[in-house]
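Undergrad: Got a structure for you, written out below as structure tokens; questions coming shortly.
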Amino acid sequence: MLATDNPRLRVSRGKLQLKNPVLSASGTFGYGTELQDIAHPEHYGGIALKGITLKPRSGNPPPRLVEAVGGVINSVGLQNDGVQDFVEKKVIPLQSYNTTIIANINGVQLEDYWMMAEKLEGSPIDYIEINVSCPNLKEGGVEFGKSPKSIAAIVSGVRKRTTIPLMLKLTPQVTDIKEIIKAAEDNGLDIVTLINTYPAIVIDINTKKPVLGNIRGGFSGPAVKPMAINLVWEARKATKLPIVGMGGVCSWQDAVEFMLAGADAVAVGTWHFINPGIALEIAEGLMAYMDKNGFESVSEITGYTWRQYNE
Amino acid sequence: MLATDNPRLRVSRGKLQLKNPVLSASGTFGYGTELQDIAHPEHYGGIALKGITLKPRSGNPPPRLVEAVGGVINSVGLQNDGVQDFVEKKVIPLQSYNTTIIANINGVQLEDYWMMAEKLEGSPIDYIEINVSCPNLKEGGVEFGKSPKSIAAIVSGVRKRTTIPLMLKLTPQVTDIKEIIKAAEDNGLDIVTLINTYPAIVIDINTKKPVLGNIRGGFSGPAVKPMAINLVWEARKATKLPIVGMGGVCSWQDAVEFMLAGADAVAVGTWHFINPGIALEIAEGLMAYMDKNGFESVSEITGYTWRQYNE
Amino acid sequence: MIQTRAIVTNIRDLGADYFLLEVESPEIAGASKPGHFVNVLIQDSARVVLRRPIAVFDVKSNRVQLLVKSIGEGTRWISLREPGDVVNLLGPLGKGLFDKTDAKRVIMVAGGVGLAPLYYYLTYYKELNIKTVLFYGARNAKSILFQNELLELTDECVFVTEDGSLGEKGLVTDELRRYYLEHGTAEGDVVFACGPKFMLKQVVDFADAEHIECFVSLESFMGCGAGVCLSCVIPARHYSQDGDKYFKLCTDGPVINSNIIDKRYFEESYAGH
Amino acid sequence: MIQTRAIVTNIRDLGADYFLLEVESPEIAGASKPGHFVNVLIQDSARVVLRRPIAVFDVKSNRVQLLVKSIGEGTRWISLREPGDVVNLLGPLGKGLFDKTDAKRVIMVAGGVGLAPLYYYLTYYKELNIKTVLFYGARNAKSILFQNELLELTDECVFVTEDGSLGEKGLVTDELRRYYLEHGTAEGDVVFACGPKFMLKQVVDFADAEHIECFVSLESFMGCGAGVCLSCVIPARHYSQDGDKYFKLCTDGPVINSNIIDKRYFEESYAGH
Ligand SMILES: Cc1cc2nc3c(=O)[nH]c(=O)nc-3n(C[C@H](O)[C@H](O)[C@H](O)COP(=O)(O)OP(=O)(O)OC[C@H]3O[C@@H](n4cnc5c(N)ncnc54)[C@H](O)[C@@H]3O)c2cc1C
Ligand SMILES: Cc1cc2nc3c(=O)[nH]c(=O)nc-3n(C[C@H](O)[C@H](O)[C@H](O)COP(=O)(O)OP(=O)(O)OC[C@H]3O[C@@H](n4cnc5c(N)ncnc54)[C@H](O)[C@@H]3O)c2cc1C
Ligand SMILES: Cc1cc2nc3c(=O)[nH]c(=O)nc-3n(C[C@H](O)[C@H](O)[C@H](O)COP(=O)(O)O)c2cc1C
Ligand SMILES: Cc1cc2nc3c(=O)[nH]c(=O)nc-3n(C[C@H](O)[C@H](O)[C@H](O)COP(=O)(O)O)c2cc1C
Ligand code: FES
Ligand code: FES
């Protein structure tokens, strides 16, 4: 048995039911099958697919990616073939796999989210991740993620239109993440996922132009981890809902750190590019850590440190 | 003549009058004289001294510093001997230097700022930097920096009590930095300085405790640069006031990048620990860059890129 | 596609900042075809985060050869490897191009390190006994690599240097034009080109004008190298309803038929904004 | 204090992960005194941002010697330097302790790499003709460095190993106690200690009980190493009105009179929370 299937790694909190606590982060794992030679979908507790929108989108002009110290900045801008194509084609090959499937949905207007929820209802996906934190859309996207009011409207509207459990993907670029979470929880949210990328700009001092075709992009990778851990810590104060933590997860040690801070599961994003085989490594590392530290199940790690300072 | 004194590096915008655009960031340059063998105060356009408070403070329990990918996280917590000691002792040796002196003031309550302004009025400092962004205070500090209302109260209160030009040091951890800036400008602010550190936590997975004595600290260093550039870019949209940009400045190239994005001057923080002689190097690099790129004066660099996309 | 820790078996300093790295990897060697590349993990660097894409230069039984020009921190790191060192590779990546076995005459145009992806095609067409003509330009004589091997591998081989220190003086594209002026186009001609953008533009314009099928090997900033991140896109000539359309260089390329590329891509100013 | 790019003149692998690095720096060599340290810039690392503080081990005319134990990425980088390499140093840093020229007998207690800052004191007191007694403990015989030199430098020298493979078996602090039981305390005794915290605690408790003046060389996470960042603080025994009070290890130390340290610092649980 692969470590990824070990029952001690099972996550079961509220609507978050995963065979193990390692997810792929949306946008860094395509539609789940591209990397399967190295990173098999079944190594994951769940796979969040590339963000989709109501209509097809061609995404932002290149360059779409630039390196920075400790991470990368992307401005992909949700290139995708739309929700219709998603339910008709993208999801089909994934159904046979023993993992959960997460559809990451994005809107340029409020109603987009609602209409996508309708389209997804009945499709064989396990979770809808409402992304209100994409910094790469000219309209909508992260703007929705900044106000409790728009969060309430989006979540409640989606909730009415589907029975699929709901995740909400939060932007780190807010004054108070707790009020955002509360607004979402009051309106039927099941699971909190955080963080998305930080808005960032790189300027080439020779051309004197922004490097990215879209000027601004979103920063992710190892450098964001301590900030993400802080936000998981804060989120844990706001809610008892399950939390999926991400932002700079590059090793099983990072996964443990997120869980000690209060995350029920973690997602790997950028580091897929550096080490596509990371999910299995994290599962193996978690097993060894649990053995060494006397944890019977992975859920005992969740919030272990946080509780010492908050309860 | 040292590059640092070259008139082409002069900064003159509103109340920001500096012989060159390189400042030291508060908290990373002590009280100005400690590093003078390597980093002479006169190499700087201005030196922001370690943050002070109304009463002496012993600061946070150690460990106060931890490394992370692309930066450091500190929880020094404003250890200082109070404003009285500051005006009586700390400022005195600096008066003779050909540079500007910036007092960085911090409050646990609103009135602290006002009372410190009164104490500083008449002292030989050139700028007061109101720090509403320290993440290392249990009360006050960054909490004030999050709401336009408290910003308005603090800035207007300080403004009434002193004729010294006012800087406001902003936290990056806000939803909309523009509304903060507007509130400050409406109440008499002269200069915007940004960014302070990002709240961050590191947990040791072996001890299962936060590494920093104060649990949370503030993240700074090279990794924050692209996020800081983005915030300078945004700040430039909100105001025509002079902007001092900082966050990850490690080279003259970084300084140029901040200026192209809209900063009138930059400050070096964390990188003082790695390269204390950096101010002189930046000044020299700026001179060479101006020659190569046909800029007559450093002010021509400011906003060069920003204007192509915003005017 | 696999991820592997390959042992360096040899590294040769070719001068002019070029290095030929050879690693042992039976899996990648076995699966590699012309047009493929590998993604090299750069270690011990504060500035390099992403892997670096490098074309498969040649395959010798279980060994993969990479021709690398040291231009920055990542390629410099590669150039400093020593025999016995371990290099973490992801590959083979890319589409690998094989629909041109019906070519009658293959014209290769290489500028500088642009030789890297073309060399493997030359060995391939040599095996197929298809005629190849190579135009290979570089700054000076020192930067013209593998002269003997190339003379061996090709039917005709024209070296071009900017300073005239070897072969013709001038630009590789001028030699290409001159060749066609002399020999005329022929049914079944295929052009492959790799090099700086302004060179590619000339080649593509020329091939378009002469109606010659043309493939170019392009570069872009890559995240995953494997089709999952959508970072590496190049604008496509055929617009979709929705506006621009892009293809993924890593999985649709990096060697790509030039007729599917939006020509604006070749403009110097092209950066999307 | 200067910042300098010093050339490595020698590096010796001493075994057990210890390395002796020698660099040429007339300025630092000239200004260094016992108790000083340098801050070494670590290059080519994705994980190491800050400089690494390393005690001045010894000075030989224009050269500075550093004894480094490779325990992580930074010290490993130092251990991999080769003659001719350049190392960027900041120094000398620290207070450097010199008010103990009136000592009659100096007792040194070193645990493992704790030998590093004490060695230079030994050479110093040797020159002053002040009697020195060294208790030097380590895991095993291999980790006891510079045996001959130390026997030369000291008046008495007791090696202690955990496994008994060299000298006495047990803990260095037990030997310290045994020594005083035999010889008794004397006017003008001064103790210097450097090593793991639990060892320092024993030494300090003992010195307190016996009313012997005691100096310890401590470690903490340092930002600047030069007194400007307030990162490296150690709690002070004497409280201020405002609550706890701290001193800066980098400029008030790192060798510090143990009577100014808050004893809670030596508790295993001490981390401030
Ligand atoms: C599919 C593919 C195959 C390649 N094959 C080879 C090969 O066989 N041999 C070889 O030597 N190189 C090859 N390259 C180019 C190689 O990947 C880059 O030279 C390398 O990524 C540069 O990394 P660096 O860290 O050394 O330089 P950096 O420090 O990252 O960059 C140095 C300078 O080069 C510029 N630069 C970096 N990468 C690129 C790029 N991809 N396009 C344009 N400018 C860039 C940067 O903006 C910077 O100014 C290939 C690239 C691609 C996409
Ligand atoms: C004033 C001073 C003088 C020193 N002199 C010497 C010397 O002469 N020779 C020598 O070999 N070392 C000396 N040290 C210790 C040396 O600085 C550390 O070993 C080094 O910083 C570790 O860096 P690293 O990157 O190798 O390890 P890291 O990868 O940073 O750390 C490896 C492990 O060691 C722990 N660690 C790292 N630094 C410290 C520290 N300062 N205190 C406690 N735990 C730590 C980390 O938490 C981690 O678990 C001195 C330290 C100070 C403060
Ligand atoms: C290239 C790229 C594309 C991304 N696309 C999406 C997306 O479509 N939807 C989304 O919610 N997040 C997207 N993200 C954000 C990641 O899912 C993740 O939240 C973020 O990268 C932080 O995690 P990391 O530091 O592990 O990468 C993308 C990130 C990258 C690097
Ligand atoms: C050790 C340390 C102490 C700091 N103390 C203060 C302070 O007292 N007042 C303040 O406004 N900012 C303080 N800062 C923040 C810096 O002034 C600066 O805003 C921040 O570090 C970002 O710049 P950098 O990335 O160049 O370090 C401190 C930063 C560090 C690293
Ligand atoms: S590099 Fe990721 S899709 Fe091409
Ligand atoms: S290390 Fe900065 S004050 Fe001591």
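Each chain of the structure tokens is named A, B, ... in the order shown, its residues numbered from 1; ligands are numbered from 1 in display order.
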Determine, for each residue of chain C having at least one atom at most 6 Å from an atom of ligand 5, the closest pair of atoms and their separation in Å to one decimal, counting only C-alpha atoms and all ligand atoms; order by chain and ascending number, as JSON lines.
TA:
{"residue": "C:Met222", "atom": "CA", "partner": "ligand 5", "partner_atom_place_in_ligand_line": "1 (S)", "distance": 3.8}
{"residue": "C:Gly223", "atom": "CA", "partner": "ligand 5", "partner_atom_place_in_ligand_line": "1 (S)", "distance": 4.3}
{"residue": "C:Cys224", "atom": "CA", "partner": "ligand 5", "partner_atom_place_in_ligand_line": "2 (Fe)", "distance": 3.9}
{"residue": "C:Gly225", "atom": "CA", "partner": "ligand 5", "partner_atom_place_in_ligand_line": "1 (S)", "distance": 3.7}
{"residue": "C:Ala226", "atom": "CA", "partner": "ligand 5", "partner_atom_place_in_ligand_line": "2 (Fe)", "distance": 5.4}
{"residue": "C:Gly227", "atom": "CA", "partner": "ligand 5", "partner_atom_place_in_ligand_line": "3 (S)", "distance": 3.4}
{"residue": "C:Val228", "atom": "CA", "partner": "ligand 5", "partner_atom_place_in_ligand_line": "3 (S)", "distance": 4.6}
{"residue": "C:Cys229", "atom": "CA", "partner": "ligand 5", "partner_atom_place_in_ligand_line": "2 (Fe)", "distance": 3.9}
{"residue": "C:Leu230", "atom": "CA", "partner": "ligand 5", "partner_atom_place_in_ligand_line": "3 (S)", "distance": 3.7}
{"residue": "C:Ser231", "atom": "CA", "partner": "ligand 5", "partner_atom_place_in_ligand_line": "2 (Fe)", "distance": 5.1}
{"residue": "C:Cys232", "atom": "CA", "partner": "ligand 5", "partner_atom_place_in_ligand_line": "4 (Fe)", "distance": 4.4}
{"residue": "C:Lys248", "atom": "CA", "partner": "ligand 5", "partner_atom_place_in_ligand_line": "4 (Fe)", "distance": 5.2}
{"residue": "C:Leu249", "atom": "CA", "partner": "ligand 5", "partner_atom_place_in_ligand_line": "4 (Fe)", "distance": 5.7}
{"residue": "C:Cys250", "atom": "CA", "partner": "ligand 5", "partner_atom_place_in_ligand_line": "4 (Fe)", "distance": 4.2}
Undergrad: List as a PyMOL selection string the protein and nucleic acid residues lying within 8 Å of ligand 2, with only C-alpha atoms and all ligand atoms counted.
TA: chain D and resi 18+36-38+48+51-57+66-77+94+113-117+217-222+249-250+253-254
Undergrad: Region 14-254 of chain D: which residues are strand (DSSP E) by DSSP, as a VMD selection string?
TA: chain D and resid 14 to 15 18 to 24 37 to 40 52 to 55 58 to 60 63 to 69 86 to 93 105 to 111 131 to 138 156 to 161 168 to 169 189 to 194 213 to 217 233 to 235 246 to 248
Undergrad: Write out as number ranges by chain which residues come within 12 Å of Val256 (chain A) when counting only C-alpha atoms, dropping same-chain ones fewer than 3 positions away.
TA: A: 21-22, 229, 245-246, 249-253, 259-267, 282-290, 293, 295, 298-305; B: 202-206, 208
Undergrad: What does the distance from CA of Leu122 (chain C) to CA of Thr173 (chain C) come to in Å, to one decimal?
TA: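 It comes out at 18.9 Å.
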Undergrad: Return as a PyMOL selection string the full set of residues in region 156-279 of chain A whose backbone-based DSSP assignment is helix (DSSP H, G or I).
TA: chain A and resi 156-161+177-185+222-238+252-260+271-274+278-279
Undergrad: Just want the 12 Å neighbourhood of Ile38 (chain B), counted on only C-alpha atoms, with same-chain residues fewer than 6 positions away dropped. Output as a compact mmCIF listing (two decimals) with C-alpha atoms, in the first residue's frame.
TA:
# COMPACT_ATOMS: atom_id res chain seq x y z
CA PHE B 29 20.13 51.08 11.31
CA GLY B 32 22.54 56.02 13.02
CA HIS B 272 21.88 46.29 5.91
CA PHE B 273 22.58 43.07 7.78
CA ASN B 275 25.67 44.42 3.09
CA PRO B 276 26.06 47.39 5.44
CA GLY B 277 27.86 49.36 2.74
CA ILE B 278 24.86 49.26 0.42
CA ALA B 279 23.89 52.97 0.48
CA LEU B 280 27.04 54.10 -1.26
CA GLU B 281 26.75 51.26 -3.76
CA MET D 1 34.70 47.03 12.04
CA ILE D 2 35.09 46.57 8.31
CA GLN D 3 33.45 44.68 5.50
CA THR D 4 36.01 42.87 3.41
CA LEU D 90 32.18 41.68 8.51
CA GLY D 91 34.32 42.17 11.55
CA ALA D 226 26.59 45.12 15.07
Undergrad: Could you please select, counting only C-alpha atoms, the residues of chain A within 9 Å of chain C and state them as a VMD selection string?
TA: chain A and resid 27 to 32 34 to 35 37 to 38 50 55 to 72 74 to 76 78 to 79 211 to 215 221 270 to 277
Undergrad: Would you work out the distance separating CA of Ser147 (chain B) from CA of Asn131 (chain A), expressed in Å to one decimal?
TA: 25.8 Å
Undergrad: To one decimal in Å, tell me the separation between CA of Ala186 (chain D) and CA of Asp155 (chain D).
TA: 15.8 Å
Undergrad: Looking at only C-alpha atoms, which of C:Asp44, C:Val133, C:Asn259, C:Ala207 is the one that sits closest to chain D?
TA: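 With only C-alpha atoms as the atom set, the closest residue is C:Asp44.
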